[in-house]
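A.B. asks: Sharing target27.cif here; it has mmCIF, C-alpha atoms.
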```
data_start
#
loop_
_atom_site.label_atom_id
_atom_site.label_comp_id
_atom_site.auth_asym_id
_atom_site.auth_seq_id
_atom_site.Cartn_x
_atom_site.Cartn_y
_atom_site.Cartn_z
CA MET A 1 59.18 5.79 262.02
CA SER A 2 56.99 4.93 259.08
CA LYS A 3 57.13 7.01 255.95
CA GLY A 4 53.52 8.08 256.44
CA LYS A 5 54.47 9.85 259.63
CA ILE A 6 57.45 11.67 258.17
CA LYS A 7 56.63 15.28 257.31
CA ASP A 8 58.21 18.61 256.39
CA ASN A 9 57.22 21.29 258.87
CA SER A 10 57.50 24.90 257.78
CA GLU A 11 60.96 26.42 258.02
CA THR A 12 59.59 28.91 260.56
CA ARG A 13 58.23 26.17 262.87
CA THR A 14 61.48 24.20 262.77
CA LEU A 15 63.62 27.30 263.32
CA ALA A 16 61.37 28.40 266.21
CA ALA A 17 61.60 25.02 267.97
CA VAL A 18 65.39 24.72 267.72
CA THR A 19 65.89 28.39 268.60
CA PHE A 20 63.70 28.12 271.71
CA SER A 21 66.00 25.32 272.82
CA HIS A 22 68.93 27.65 272.22
CA VAL A 23 67.25 30.40 274.25
CA ALA A 24 66.87 27.95 277.15
CA GLN A 25 70.56 27.11 276.96
CA HIS A 26 71.49 30.77 277.20
CA PHE A 27 69.12 31.28 280.09
CA TYR A 28 71.38 28.80 281.88
CA VAL A 29 74.44 30.76 280.79
CA GLY A 30 73.03 33.74 282.72
CA LEU A 31 73.82 31.76 285.87
CA SER A 32 77.20 33.52 285.87
CA VAL A 33 75.68 36.59 287.56
CA LEU A 34 75.14 34.38 290.63
CA TYR A 35 78.83 33.38 290.80
CA PRO A 36 79.86 36.19 293.20
CA ALA A 37 77.15 35.21 295.73
CA MET A 38 77.88 31.50 295.25
CA MET A 39 81.62 32.03 295.70
CA ALA A 40 81.07 34.04 298.88
CA ASP A 41 78.59 31.50 300.29
CA LEU A 42 80.83 28.48 299.62
CA ASP A 43 84.17 30.29 300.07
CA LEU A 44 85.46 29.50 296.56
CA SER A 45 88.48 31.05 294.79
CA TYR A 46 88.77 32.16 291.17
CA THR A 47 90.88 29.09 290.48
CA GLN A 48 88.14 26.85 291.87
CA LEU A 49 85.57 28.69 289.76
CA GLY A 50 87.77 28.15 286.71
CA ILE A 51 87.95 24.43 287.56
CA ILE A 52 84.17 24.22 288.08
CA THR A 53 83.39 25.84 284.73
CA GLY A 54 86.38 24.21 283.02
CA VAL A 55 85.59 20.60 283.99
CA ALA A 56 81.97 21.06 282.93
CA ALA A 57 83.15 22.56 279.65
CA ILE A 58 85.53 19.63 279.07
CA MET A 59 82.69 17.16 279.61
CA SER A 60 80.38 19.23 277.44
CA GLY A 61 83.06 19.56 274.78
CA PHE A 62 83.86 15.88 274.43
CA LEU A 63 80.19 14.95 274.59
CA GLN A 64 79.52 17.13 271.53
CA MET A 65 80.92 14.32 269.40
CA ALA A 66 78.95 11.70 271.35
CA TRP A 67 75.68 13.53 270.68
CA SER A 68 76.69 13.96 267.04
CA LEU A 69 77.39 10.23 266.69
CA LEU A 70 74.10 9.36 268.38
CA SER A 71 72.28 11.52 265.83
CA ARG A 72 73.30 9.01 263.16
CA TYR A 73 71.16 6.35 264.85
CA VAL A 74 68.70 8.17 267.17
CA SER A 75 66.18 10.86 266.24
CA ARG A 76 67.68 14.34 266.57
CA ARG A 77 64.36 15.46 268.04
CA ILE A 78 64.70 12.99 270.94
CA LEU A 79 68.34 13.95 271.53
CA LEU A 80 67.63 17.69 271.61
CA GLY A 81 64.69 17.25 273.98
CA LEU A 82 66.69 14.98 276.28
CA GLY A 83 69.57 17.47 276.36
CA ASN A 84 67.23 20.17 277.66
CA ILE A 85 65.88 17.89 280.38
CA LEU A 86 69.43 17.06 281.53
CA MET A 87 70.17 20.79 281.74
CA SER A 88 67.15 21.22 284.02
CA ALA A 89 68.26 18.37 286.29
CA GLY A 90 71.80 19.75 286.55
CA CYS A 91 70.49 23.19 287.45
CA LEU A 92 68.53 21.71 290.36
CA LEU A 93 71.64 19.89 291.59
CA PHE A 94 73.63 23.13 291.30
CA GLY A 95 71.16 24.96 293.51
CA ARG A 96 71.23 22.27 296.20
CA ALA A 97 75.04 22.02 296.33
CA GLN A 98 76.86 22.57 299.62
CA SER A 99 80.46 22.17 298.46
CA PHE A 100 82.91 22.70 295.62
CA ILE A 101 82.50 19.08 294.43
CA GLU A 102 78.69 19.24 294.46
CA ILE A 103 78.67 22.52 292.52
CA MET A 104 80.97 20.95 289.95
CA GLY A 105 78.72 17.87 289.73
CA GLY A 106 75.63 19.96 288.99
CA ASN A 107 77.55 21.89 286.36
CA VAL A 108 78.76 18.64 284.73
CA VAL A 109 75.19 17.30 284.45
CA SER A 110 73.97 20.55 282.92
CA GLY A 111 76.99 20.70 280.62
CA SER A 112 76.23 17.17 279.42
CA GLY A 113 72.76 18.31 278.41
CA GLN A 114 74.02 21.53 276.85
CA ALA A 115 76.37 19.49 274.66
CA ALA A 116 73.41 18.34 272.55
CA GLN A 117 72.33 21.80 271.44
CA HIS A 118 75.04 22.79 268.98
CA PRO A 119 75.77 19.58 267.04
CA VAL A 120 72.16 18.38 267.05
CA GLY A 121 70.40 21.75 266.68
CA THR A 122 72.80 23.00 264.00
CA SER A 123 72.45 19.71 262.12
CA ILE A 124 68.66 20.05 262.08
CA LEU A 125 68.85 23.60 260.70
CA THR A 126 71.55 22.93 258.11
CA ASN A 127 69.49 20.01 256.82
CA LYS A 128 66.30 22.08 256.80
CA PHE A 129 67.63 25.20 255.04
CA SER A 130 69.25 25.45 251.60
CA ASN A 131 72.77 26.87 251.22
CA ASN A 132 71.53 30.32 250.23
CA LYS A 133 69.35 30.52 253.37
CA VAL A 134 71.45 28.76 255.99
CA SER A 135 73.64 31.76 256.93
CA ARG A 136 70.68 33.94 257.86
CA ALA A 137 68.87 31.03 259.51
CA LEU A 138 71.86 30.30 261.76
CA SER A 139 72.32 34.00 262.54
CA LEU A 140 68.66 34.24 263.58
CA HIS A 141 69.05 31.03 265.58
CA TYR A 142 72.09 32.32 267.45
CA GLY A 143 71.03 35.97 267.70
CA LEU A 144 67.59 35.19 269.13
CA GLY A 145 69.10 32.49 271.32
CA TYR A 146 71.28 35.13 272.96
CA VAL A 147 68.09 36.84 274.20
CA GLY A 148 68.37 34.35 277.04
CA ASN A 149 71.64 36.04 278.02
CA ILE A 150 69.83 39.39 278.24
CA VAL A 151 66.78 38.36 280.23
CA SER A 152 68.41 35.76 282.44
CA PRO A 153 70.93 37.96 284.33
CA VAL A 154 68.29 40.55 285.22
CA LEU A 155 65.72 37.92 286.22
CA LEU A 156 68.18 35.86 288.25
CA SER A 157 69.63 38.94 289.93
CA PHE A 158 66.14 40.08 290.94
CA ILE A 159 65.30 36.66 292.40
CA ALA A 160 68.69 36.41 294.14
CA VAL A 161 68.30 39.85 295.75
CA SER A 162 64.67 39.18 296.73
CA LEU A 163 65.27 35.61 297.94
CA ASP A 164 68.72 34.03 297.44
CA TRP A 165 70.96 32.58 294.74
CA ARG A 166 69.75 29.01 295.33
CA ARG A 167 66.10 29.84 294.69
CA ALA A 168 67.18 31.67 291.55
CA THR A 169 68.69 28.42 290.23
CA TYR A 170 65.48 26.51 291.02
CA ALA A 171 63.48 29.02 288.95
CA LEU A 172 66.05 28.73 286.17
CA ALA A 173 65.59 24.94 286.00
CA LEU A 174 62.04 25.42 284.67
CA ILE A 175 63.19 27.01 281.39
CA PRO A 176 65.08 24.05 279.81
CA LEU A 177 62.40 21.66 281.09
CA ILE A 178 59.71 23.60 279.20
CA SER A 179 61.89 23.92 276.08
CA GLY A 180 62.64 20.17 276.10
CA VAL A 181 58.95 19.31 276.08
CA THR A 182 58.31 21.94 273.38
CA VAL A 183 61.02 20.51 271.10
CA LEU A 184 59.61 17.00 271.45
CA TYR A 185 56.16 18.26 270.46
CA LEU A 186 56.94 20.73 267.66
CA LEU A 187 59.49 18.54 265.87
CA LYS A 188 57.46 15.33 265.98
CA GLY A 189 57.77 13.67 262.57
CA GLU A 190 59.95 16.48 261.14
CA LYS A 191 62.19 15.03 258.42
CA SER A 192 65.24 17.17 259.23
CA ALA A 193 64.99 16.08 262.90
CA LEU A 194 65.18 12.34 262.14
CA ARG A 195 68.38 10.37 262.57
CA SER A 196 70.94 10.96 259.83
CA ILE A 197 71.37 7.27 258.87
CA GLN A 198 68.12 5.90 257.52
CA GLY A 199 66.96 2.32 257.15
CA ASN A 200 69.57 0.02 255.60
CA GLU A 201 71.76 2.88 254.42
CA THR A 202 75.44 1.98 254.65
CA THR A 203 77.79 4.29 256.52
CA ASN A 204 81.47 4.60 257.27
CA PHE A 205 82.11 7.09 260.07
CA TRP A 206 85.86 7.39 259.51
CA GLU A 207 85.47 7.86 255.76
CA ASP A 208 82.97 10.66 256.40
CA VAL A 209 85.45 12.30 258.78
CA LYS A 210 88.46 11.93 256.47
CA SER A 211 86.65 13.17 253.37
CA GLY A 212 85.43 16.25 255.25
CA LEU A 213 88.88 17.04 256.63
CA ARG A 214 90.43 16.85 253.17
CA ILE A 215 88.86 20.26 252.56
CA LYS A 216 91.63 22.65 253.64
CA SER A 217 89.37 25.51 254.77
CA VAL A 218 87.50 23.09 257.05
CA VAL A 219 90.68 22.15 258.93
CA LEU A 220 91.75 25.80 259.21
CA LEU A 221 88.37 26.80 260.65
CA ILE A 222 88.32 23.98 263.18
CA VAL A 223 91.75 25.07 264.45
CA ALA A 224 90.80 28.77 264.28
CA GLN A 225 87.77 28.15 266.45
CA ALA A 226 89.94 26.43 269.07
CA PHE A 227 91.80 29.73 269.52
CA ALA A 228 88.80 32.01 269.01
CA VAL A 229 86.83 30.44 271.88
CA GLY A 230 89.57 31.53 274.29
CA GLY A 231 90.02 34.94 272.68
CA THR A 232 86.79 36.53 271.53
CA GLY A 233 84.67 33.51 272.45
CA MET A 234 81.44 34.07 274.33
CA GLY A 235 82.17 31.49 277.05
CA VAL A 236 85.08 33.38 278.62
CA ILE A 237 83.18 36.67 278.33
CA ILE A 238 80.14 35.22 280.10
CA SER A 239 82.17 33.68 282.92
CA TYR A 240 84.39 36.64 283.79
CA THR A 241 82.72 39.90 282.69
CA PRO A 242 80.27 39.98 285.65
CA LEU A 243 83.16 39.19 288.02
CA PHE A 244 85.25 41.98 286.47
CA LEU A 245 82.43 44.46 287.03
CA LYS A 246 81.54 43.26 290.52
CA ASN A 247 84.90 42.42 292.10
CA LYS A 248 87.38 44.56 290.15
CA LEU A 249 85.28 47.68 289.57
CA ASN A 250 83.23 47.28 292.80
CA MET A 251 79.81 47.54 291.18
CA GLY A 252 76.61 46.27 292.82
CA ILE A 253 74.91 43.08 291.66
CA LEU A 254 72.01 44.91 289.97
CA GLU A 255 74.34 47.41 288.24
CA THR A 256 76.52 44.49 287.14
CA SER A 257 73.57 42.59 285.69
CA TRP A 258 72.25 45.60 283.77
CA ILE A 259 75.62 46.51 282.24
CA TYR A 260 76.30 42.86 281.43
CA SER A 261 72.87 42.59 279.80
CA LEU A 262 73.60 45.64 277.63
CA ALA A 263 76.78 43.92 276.45
CA VAL A 264 74.73 40.87 275.53
CA ILE A 265 72.22 43.06 273.66
CA GLY A 266 75.20 44.09 271.56
CA GLY A 267 75.82 40.39 270.93
CA VAL A 268 72.23 39.81 269.80
CA LEU A 269 72.12 42.82 267.49
CA GLY A 270 75.59 42.10 266.15
CA THR A 271 74.76 38.49 265.33
CA LEU A 272 71.59 39.46 263.47
CA ALA A 273 73.21 42.37 261.62
CA PHE A 274 76.41 40.59 260.63
CA GLY A 275 74.45 37.51 259.54
CA TYR A 276 72.74 39.78 257.02
CA LEU A 277 75.99 41.48 255.95
CA ALA A 278 77.70 38.11 255.51
CA GLY A 279 75.26 37.42 252.67
CA LYS A 280 76.85 40.35 250.80
CA PHE A 281 80.49 40.16 251.84
CA GLY A 282 80.94 36.45 252.56
CA ASN A 283 80.88 34.43 255.75
CA LEU A 284 84.63 34.15 256.28
CA LYS A 285 85.56 37.74 255.43
CA THR A 286 82.92 38.97 257.83
CA ALA A 287 83.98 36.52 260.55
CA ALA A 288 87.65 37.52 260.21
CA THR A 289 86.76 41.20 260.55
CA LEU A 290 84.74 40.48 263.69
CA VAL A 291 87.43 38.38 265.37
CA GLY A 292 90.18 40.90 264.56
CA THR A 293 88.14 43.84 265.82
CA GLY A 294 87.01 41.94 268.91
CA SER A 295 90.62 41.09 269.82
CA LEU A 296 91.60 44.75 269.75
CA LEU A 297 88.58 45.75 271.84
CA ILE A 298 89.41 43.09 274.44
CA LEU A 299 93.02 44.29 274.68
CA LEU A 300 91.70 47.81 275.36
CA LEU A 301 89.95 46.51 278.51
CA THR A 302 93.36 46.79 280.18
CA LEU A 303 92.79 50.57 280.24
CA HIS A 304 89.84 50.31 282.65
CA ASN A 305 90.94 50.52 286.30
CA ALA A 306 87.69 52.08 287.52
CA PHE A 307 84.18 52.37 286.17
CA THR A 308 83.53 55.11 283.63
CA PHE A 309 80.56 55.40 281.29
CA ILE A 310 82.80 54.66 278.29
CA LEU A 311 82.96 51.07 279.55
CA ILE A 312 79.28 50.53 278.66
CA PRO A 313 79.64 51.08 274.87
CA HIS A 314 83.01 49.31 275.04
CA LEU A 315 81.41 46.12 276.41
CA PHE A 316 78.48 46.57 274.00
CA LEU A 317 80.91 46.51 271.05
CA ILE A 318 82.77 43.51 272.48
CA GLY A 319 79.47 41.65 272.65
CA GLY A 320 78.58 42.74 269.11
CA THR A 321 81.82 41.39 267.66
CA SER A 322 82.34 38.36 269.89
CA PHE A 323 78.99 36.59 269.60
CA ALA A 324 78.51 36.74 265.83
CA TYR A 325 81.49 34.93 264.31
CA GLY A 326 80.48 31.38 265.32
CA SER A 327 77.31 31.22 263.24
CA LEU A 328 79.25 32.48 260.19
CA LEU A 329 81.93 29.80 260.49
CA GLN A 330 79.23 27.13 260.81
CA ALA A 331 77.34 28.52 257.82
CA HIS A 332 80.51 28.23 255.72
CA LEU A 333 81.05 24.63 256.86
CA ALA A 334 77.44 23.80 255.98
CA THR A 335 77.95 25.01 252.40
CA VAL A 336 81.18 23.08 251.71
CA LEU A 337 80.29 19.76 253.37
CA THR A 338 77.87 17.03 252.28
CA PRO A 339 75.07 16.16 254.77
CA ARG A 340 76.92 13.04 255.98
CA GLN A 341 80.22 14.93 256.34
CA ARG A 342 78.38 17.78 258.03
CA ASP A 343 77.10 15.71 260.95
CA VAL A 344 80.46 14.29 261.94
CA VAL A 345 82.61 17.33 261.11
CA LEU A 346 80.31 19.67 263.05
CA GLY A 347 80.55 17.22 265.93
CA LEU A 348 84.35 17.44 265.74
CA TYR A 349 84.19 21.23 265.37
CA PHE A 350 82.11 21.66 268.51
CA THR A 351 83.99 19.00 270.47
CA LEU A 352 87.36 20.63 269.92
CA GLY A 353 86.00 24.14 270.40
CA PHE A 354 84.19 23.46 273.65
CA GLY A 355 86.93 21.18 274.97
CA VAL A 356 89.70 23.72 274.39
CA SER A 357 87.46 26.53 275.68
CA SER A 358 87.50 24.82 279.08
CA ILE A 359 91.30 25.05 279.15
CA TRP A 360 91.25 28.77 278.32
CA THR A 361 88.51 29.39 280.92
CA ALA A 362 90.50 27.65 283.66
CA LEU A 363 93.72 29.40 282.61
CA THR A 364 91.95 32.75 282.73
CA GLY A 365 90.90 32.12 286.33
CA PHE A 366 94.45 31.06 287.23
CA LEU A 367 95.95 34.23 285.72
CA ILE A 368 93.53 36.46 287.64
CA ASP A 369 94.44 34.72 290.90
CA ALA A 370 98.18 34.61 290.21
CA TYR A 371 98.54 38.30 289.29
CA ASP A 372 95.59 39.64 291.30
CA SER A 373 94.57 41.44 288.13
CA PHE A 374 92.32 40.92 285.12
CA ASN A 375 94.82 42.50 282.71
CA PRO A 376 96.90 39.33 282.04
CA ALA A 377 93.64 37.55 281.17
CA TRP A 378 92.65 40.29 278.70
CA ILE A 379 96.12 40.16 277.08
CA LEU A 380 95.93 36.36 276.73
CA ARG A 381 92.51 36.62 275.10
CA ALA A 382 93.70 39.28 272.66
CA VAL A 383 96.63 37.08 271.59
CA LEU A 384 94.39 34.03 271.09
CA GLY A 385 91.93 36.10 269.09
CA THR A 386 94.70 37.40 266.86
CA ILE A 387 95.80 33.83 266.07
CA ALA A 388 92.19 32.92 265.21
CA PHE A 389 91.89 36.01 263.01
CA THR A 390 94.96 34.94 261.01
CA LEU A 391 93.68 31.38 260.51
CA ILE A 392 90.23 32.57 259.37
CA LEU A 393 91.90 34.89 256.85
CA LEU A 394 93.90 31.94 255.49
CA ALA A 395 90.72 29.85 255.22
CA SER A 396 88.99 32.71 253.42
CA ARG A 397 91.80 33.04 250.89
CA HIS A 398 91.87 29.28 250.28
CA SER A 399 88.10 29.13 249.80
CA HIS A 400 88.27 32.04 247.37
CA LYS A 401 90.96 30.29 245.31
CA VAL A 402 88.96 27.05 245.21
CA HIS A 403 85.80 28.92 244.23
CA THR A 404 87.69 30.81 241.49
CA ILE A 405 89.14 27.57 240.06
CA ARG A 406 85.72 25.90 240.05
CA THR A 407 84.00 28.81 238.30
CA LEU A 408 86.61 29.55 235.61
CA PRO A 409 85.11 29.15 232.13
CA ALA A 410 86.16 26.08 230.18
CA THR A 411 88.71 26.55 227.42
CA ASP A 412 89.26 24.60 224.23
#
```
Rewrite the coordinates I just gave you, this time as C-alpha cells.
C.D. replies:
Amino acid sequence: MSKGKIKDNSETRTLAAVTFSHVAQHFYVGLSVLYPAMMADLDLSYTQLGIITGVAAIMSGFLQMAWSLLSRYVSRRILLGLGNILMSAGCLLFGRAQSFIEIMGGNVVSGSGQAAQHPVGTSILTNKFSNNKVSRALSLHYGLGYVGNIVSPVLLSFIAVSLDWRRATYALALIPLISGVTVLYLLKGEKSALRSIQGNETTNFWEDVKSGLRIKSVVLLIVAQAFAVGGTGMGVIISYTPLFLKNKLNMGILETSWIYSLAVIGGVLGTLAFGYLAGKFGNLKTAATLVGTGSLLILLLTLHNAFTFILIPHLFLIGGTSFAYGSLLQAHLATVLTPRQRDVVLGLYFTLGFGVSSIWTALTGFLIDAYDSFNPAWILRAVLGTIAFTLILLASRHSHKVHTIRTLPATD
C-alpha cells in the first residue's frame, strides 16, 4: 500500500469496526442454546459435545499464533475480514450436518475463523490507542462484544422454536458475513490495521518472543490465563450453563435462554464497569479480585439442586466477574510490551489460552457424564480459578516492585 493511501481513522471508527467483528463472534457463541436440540436430534452424549467443542477450540487455539504470525506480513484488516467470512461458512456447514463428524467439521471451520479475532483485533486496538486509553478501549471492545451473547440466545431460541435448530444456524451465518464485509470497508487504509512488518524492516520472530518473555509478569499472566479459562473463563460457562439449566434443572428452552441472557448481561455490565475501575485500582489488582470472587461463586453452584430465584442473581454475578478479567490482563500486557513484542506475545497468550481451554471444556463434559452430576465440574472450575487468582496476584506484586524500582528518585 502506498503511503498516500495510509490514513489514521478516528479512534471511534476503528473501535467500532473491530468491536462489530467481536459482536459477530459472540453471536456465534450463542449457538450453545441450540446444543440440547442438536444433541437430541443427532443422539449425542455430553462427552461427544465436549469433543466437538474441544477439538474446535484446539484448532482455534493453535491457529491464534498462525493468525498473529500472518499479521506480520499480511494486512490485519484482510485477516480480520477473512476470519469473519470463515465463521459464516462454518456456521452453514454446522447447520447442514447429519452426524457427529460433520458437526465437528463445521465447528472446526468456524473456530478457524474465530481464531483471527483476538490476536488480530486486539493488535489493531493496542496499536491504535495509547497506554492510558487502552484499558478502557479493550473493556468497551469486550463489553460491547458480549452484547452478541445477550441477543443471540434469545434470537436463536425464537427461530428454533418457530422453525428448527438448523434454520437458526442458517440465520446466524449472516452476522459474521456482514461484519466481515464491514471490517474490510471501514478499516481500508487504516494505519493500525496494516501488517506489523513494513517495507524492508528487519525482524527476528524468536528474538521478539524471547525479549517479551523475559518480563516476569508476562510469563505469569500467560500461565494464569491457561488456568483461568478453565475456571472462571467464559468458554466453559457458555458451553455448559444452558445445559445445566435445561437438563439438570429441567427448564424450558425459552426460560433457559432468558436466564442465560441475564447472566451474560452481567458479563457486559461487569466488563464495562471493571474496565473503568481498573483505571483507578490497576489492571492486575482488579483482575485478581474478579477471578478470586468468580471462583467462589462457581463453587457455590454446587448448592443448586433445583431452580430457585436466587440462581438468577447468582448467575448474573458469575457473568459479571467471569467475563471482565481477560481485557484487563491484555491491557496490562499492552502497556509492558513493545509493539513488535506485543504481536507475537499476544499470539502466544491467546494460543495457549484457547488451546488449554479446549482441554478443560472436554474434561468438564467427561466429568458430567462420569458422575451424572454437574457438581464435579463446578469444583474443578473453582480449583482452576483459584490457581489463576494466585498467579495473577504474583504478577501484580512483581509489576508493582518493578514499577517502584523504576520510579525511585535518583540519589547522589
A.B. asks: To test your reading of the syntax: which residues would the PyMOL selection byres ((chain A and resi 21) around 8) return for the file shown? Reply as a ChimeraX atom specification.
C.D. replies: /A:17-20,22-25,80,84,117,145,176,179-180,183
A.B. asks: Within 8 Å of region 237-254 of chain A, counting all atoms listed in the file, which residues qualify if same-chain residues fewer than 3 places away don't, as a list in words?
C.D. replies: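 So the residues in contact are Val29, Gly30, Ser32, Val33, Tyr35, Pro36, Val154, Ser157, Phe158, Thr232, Gly233, Met234, Ser257, Trp258, Tyr260, Asn305, Ala306, Phe307, Thr361 and Phe374 of chain A.
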A.B. asks: Anything within 9 Å of (89.3, 25.7, 259.8): list those residues as a ChimeraX atom specification, counting only C-alpha atoms and sticking to the file's coordinates.
C.D. replies: /A:216-225,329,333,349,391-392,394-395
A.B. asks: Could you work out an axis-aligned bounding box for all listed atoms of region 389-399 of chain A, with 6 Å added on each of the six sides, and give its centre and edge lengths in Å to one decimal, as JSON?
C.D. replies:
```
{"center_x": 91.5, "center_y": 32.6, "center_z": 256.4, "size_x": 18.9, "size_y": 18.9, "size_z": 25.2}
```
A.B. asks: Could you name the residues that touch Arg214 (chain A) at 12 Å or less, counting all atoms listed in the file, but leaving out those on the same chain fewer than 5 positions away, as an NGL selection string?
C.D. replies: :A and (207-209 or 219-220 or 336-337 or 341 or 345)
A.B. asks: Taking the file as I've supplied it (selection: the PyMOL selection byres ((chain A and resi 264-276) around 8)), which residues are included? Please answer as a compact mmCIF listing (two decimals) with C-alpha atoms, in the frame of the given file.
C.D. replies:
```
# COMPACT_ATOMS: atom_id res chain seq x y z
CA SER A 135 73.64 31.76 256.93
CA ARG A 136 70.68 33.94 257.86
CA LEU A 138 71.86 30.30 261.76
CA SER A 139 72.32 34.00 262.54
CA LEU A 140 68.66 34.24 263.58
CA TYR A 142 72.09 32.32 267.45
CA GLY A 143 71.03 35.97 267.70
CA LEU A 144 67.59 35.19 269.13
CA TYR A 146 71.28 35.13 272.96
CA VAL A 147 68.09 36.84 274.20
CA ASN A 149 71.64 36.04 278.02
CA ILE A 150 69.83 39.39 278.24
CA TYR A 260 76.30 42.86 281.43
CA SER A 261 72.87 42.59 279.80
CA LEU A 262 73.60 45.64 277.63
CA ALA A 263 76.78 43.92 276.45
CA LEU A 277 75.99 41.48 255.95
CA ALA A 278 77.70 38.11 255.51
CA GLY A 279 75.26 37.42 252.67
CA LYS A 280 76.85 40.35 250.80
CA THR A 286 82.92 38.97 257.83
CA PHE A 316 78.48 46.57 274.00
CA LEU A 317 80.91 46.51 271.05
CA ILE A 318 82.77 43.51 272.48
CA GLY A 319 79.47 41.65 272.65
CA GLY A 320 78.58 42.74 269.11
CA THR A 321 81.82 41.39 267.66
CA SER A 322 82.34 38.36 269.89
CA PHE A 323 78.99 36.59 269.60
CA ALA A 324 78.51 36.74 265.83
CA TYR A 325 81.49 34.93 264.31
CA SER A 327 77.31 31.22 263.24
CA LEU A 328 79.25 32.48 260.19
```
A.B. asks: Compare A:Leu352, A:Ser75, A:Leu86, A:Arg342 by their minimum atom-to-atom distance to Ile175 (chain A), counting only C-alpha atoms, and give me the closest one.
C.D. replies: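 Of the candidates, the smallest distance to Ile175 (chain A) is held by A:Leu86.
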